[in-house]
Amino acid sequence: MTTDARDPEHSLASLLRLSDSLNSTFDLDILLDALVEQMLQLTDAETGCAGLRTPKGMSCGHFLEGSHVVPLVYDSAPGTGWPGWVLESGTCYLTNDAQNDAVIVPEIRERFGVVSGISFPILDSEKEVIAFAEVYNKKSGGDFTPLDVKTGLAAAQIASLAIQNGLTYRKLTALAAFSQSLTLASDLEQILEVIGHHLEVNFHRGAVILLPTDGLLTLRFRTTEFAVTARELEAATWCWEHGEEAGAETKTIPDALAHYLPLTLRGRLIGVLGLKPRPGAWFSKPQRELLAGFMGQAAVTIEHGILEQRVRRLRFLDESERLQSALLAAVSHEVRAPLAAITAAVSALLTTSVPLDQACEHRLLRTAESEAKRLNRLMKNLLNVTRLQAAMARVRLEPCDVAEAVGAALEEVGTLTRGRQISVEIATELPLVAMDFDLIVQVLVNLFSNALKFSAASQPIQLAAGIVNGELEVTVADRGKGVPEEDLERVFQKFQRLGDSSAVDGLGLGLSICREFIEAHQGRIHLERNPGGGTIARFTLPLRELPS
């Protein structure tokens, strides 16, 4: 035993240094190491450690031999080892005969040659054990004394406030991270995922979230290991109906596996949170406060997500209604013309009293074929816009030949190309490109149709395809009047046509559908002014690795 260790002035100075050291940081690892260093000096001990209470019991990750760190995980469940004894009793454990001690962990005794030692509890303001500190073997070879216990407990009391501050800081940091993650969530499903993830990370418990749908409580999120049985739903429903906790660790349906808590906002119940307890798990005061903070933030964000979902649905319904009205009006106008032409041609072939010559019959049949194809294109565009509106369009990527897609599009355009000068320039050795063949053919059909309709019959149409900056680039250029600079983007909106194009058939959906299909391929499309007069439609598709 050293004189300094017994010197009251020295002990007081050491405790003051400890107070300054512990209150200068919120890092709990640094804080606990500073505590052990001062306790070794105060008690004249050789070795020591300190750790926090966790759901496992008492835990620390290393020991100090003087100033040397010894990595060693030390987990003590309640009642196991000196920390477990301290956890259950809330008082110190002192022995000067560790060789015959029945409580010490044998591995610790053998690893550090423990002859004597003290384990100190660290209590919070509610007298609950939140941490521990231990010291082993007097440097002088003597016994630990009541004075060592007294000075060690004084150090533990100083450490208690610093540890509580550190746990509070950890709680505030977790709440800040939780809040930031919630602000990044874009919809209700992501909000629920964020809440479940943070509950798992911070409390190490499975979680389930149930929200009301049409008056009934509905499961909206669960962690992977959480099994929702009829009994769990019964406990959750009781919690929802009564606004009180139910399930495990309560008097209401205690045989349920999870503990269900009402999610409330401004006195109004908006949902139920279920947490699956872990055997022997412990909630510290900061953890309980953290859970309350999580639930408050979760309730606010869930309500916001539900309101956003309702607003989006109302907007969708409103847009759907406007789209349906526009489609009906457009169909009644656009379908009438090809049907009238087809009807007139067929009637002339069937009802004429004078035999028609072969050339006249051929012209009538060609008219019927052309208008039927026009009607078919119209119906395809209507079907496509309906599929897009209902989010039913799916991209099926397969290795495709660009030249084959161009040929299929020109064949579908059919009679519109008669007498027109169309040039196709496709780069040699162009690789197969991953695309949905039918959708890209429809894009090309729409672009060809626009180029043919909005340019004079004497003007050429030019298509070019090649690899530019590692992407497939396709352009369709015409020499028509061209699209005004201010309308180059507007024409991609549904039902948008140029002001002087009313005499041209179409619903104004072609470019809108083109953009939807190209962006579904993760590509880009835009219009630009053709330096030689007219318009260039340019789209790109990424070159993906093709399946073998």
# chains A, B, ... in the order shown; residues from 1 in each chain; ligands from 1
>>> residues_around(residues="Ser160 in chain A", least_positions_apart="2", cutoff="8 Å", atoms="only C-alpha atoms", output="JSON, numbers by chain")
{"A": [122, 123, 124, 156, 157, 158, 162, 163, 164]}
>>> residues_around(residues="Leu463 in chain A", least_positions_apart="6", cutoff="9 Å", atoms="only C-alpha atoms", output="list in words")
Val406, Ile422, Ser423, Val424, Glu425, Ile426, Phe448, Val474, Thr475, Val476 and Ala477 of chain A
>>> write_last_selection(atoms="C-alpha atoms", output="PDB file, in the first residue's frame")
ATOM      1  CA  VAL A 406     -36.077  -0.066 -87.836  1.00  0.00           C
ATOM      2  CA  ILE A 422     -36.314   7.717 -96.518  1.00  0.00           C
ATOM      3  CA  SER A 423     -32.644   7.038 -95.854  1.00  0.00           C
ATOM      4  CA  VAL A 424     -31.434   4.662 -93.159  1.00  0.00           C
ATOM      5  CA  GLU A 425     -27.813   4.774 -92.012  1.00  0.00           C
ATOM      6  CA  ILE A 426     -26.889   2.203 -89.354  1.00  0.00           C
ATOM      7  CA  PHE A 448     -41.385   8.173 -88.353  1.00  0.00           C
ATOM      8  CA  VAL A 474     -30.734   6.967 -82.819  1.00  0.00           C
ATOM      9  CA  THR A 475     -31.852  10.091 -84.684  1.00  0.00           C
ATOM     10  CA  VAL A 476     -34.842  10.656 -86.953  1.00  0.00           C
ATOM     11  CA  ALA A 477     -34.520  13.933 -88.881  1.00  0.00           C
TER      12      ALA A 477
END
>>> residues_around(residues="Glu189 in chain A", least_positions_apart="3", cutoff="12 Å", atoms="only C-alpha atoms", output="JSON, numbers by chain")
{"A": [182, 185, 186, 192, 193, 194, 195, 196, 209, 211, 219, 220, 221, 222, 301, 302, 305, 306, 308, 309]}
>>> select_by_dssp(residues="range 148-305 of chain A", states="alpha helix (DSSP H)", output="MDAnalysis selection string")
chainID A and resid 148:184 188:203 230:242 285:305
>>> atom_distance(atom1="CA of Arg524 in chain A", atom2="CA of Glu411 in chain A")
24.9 Å
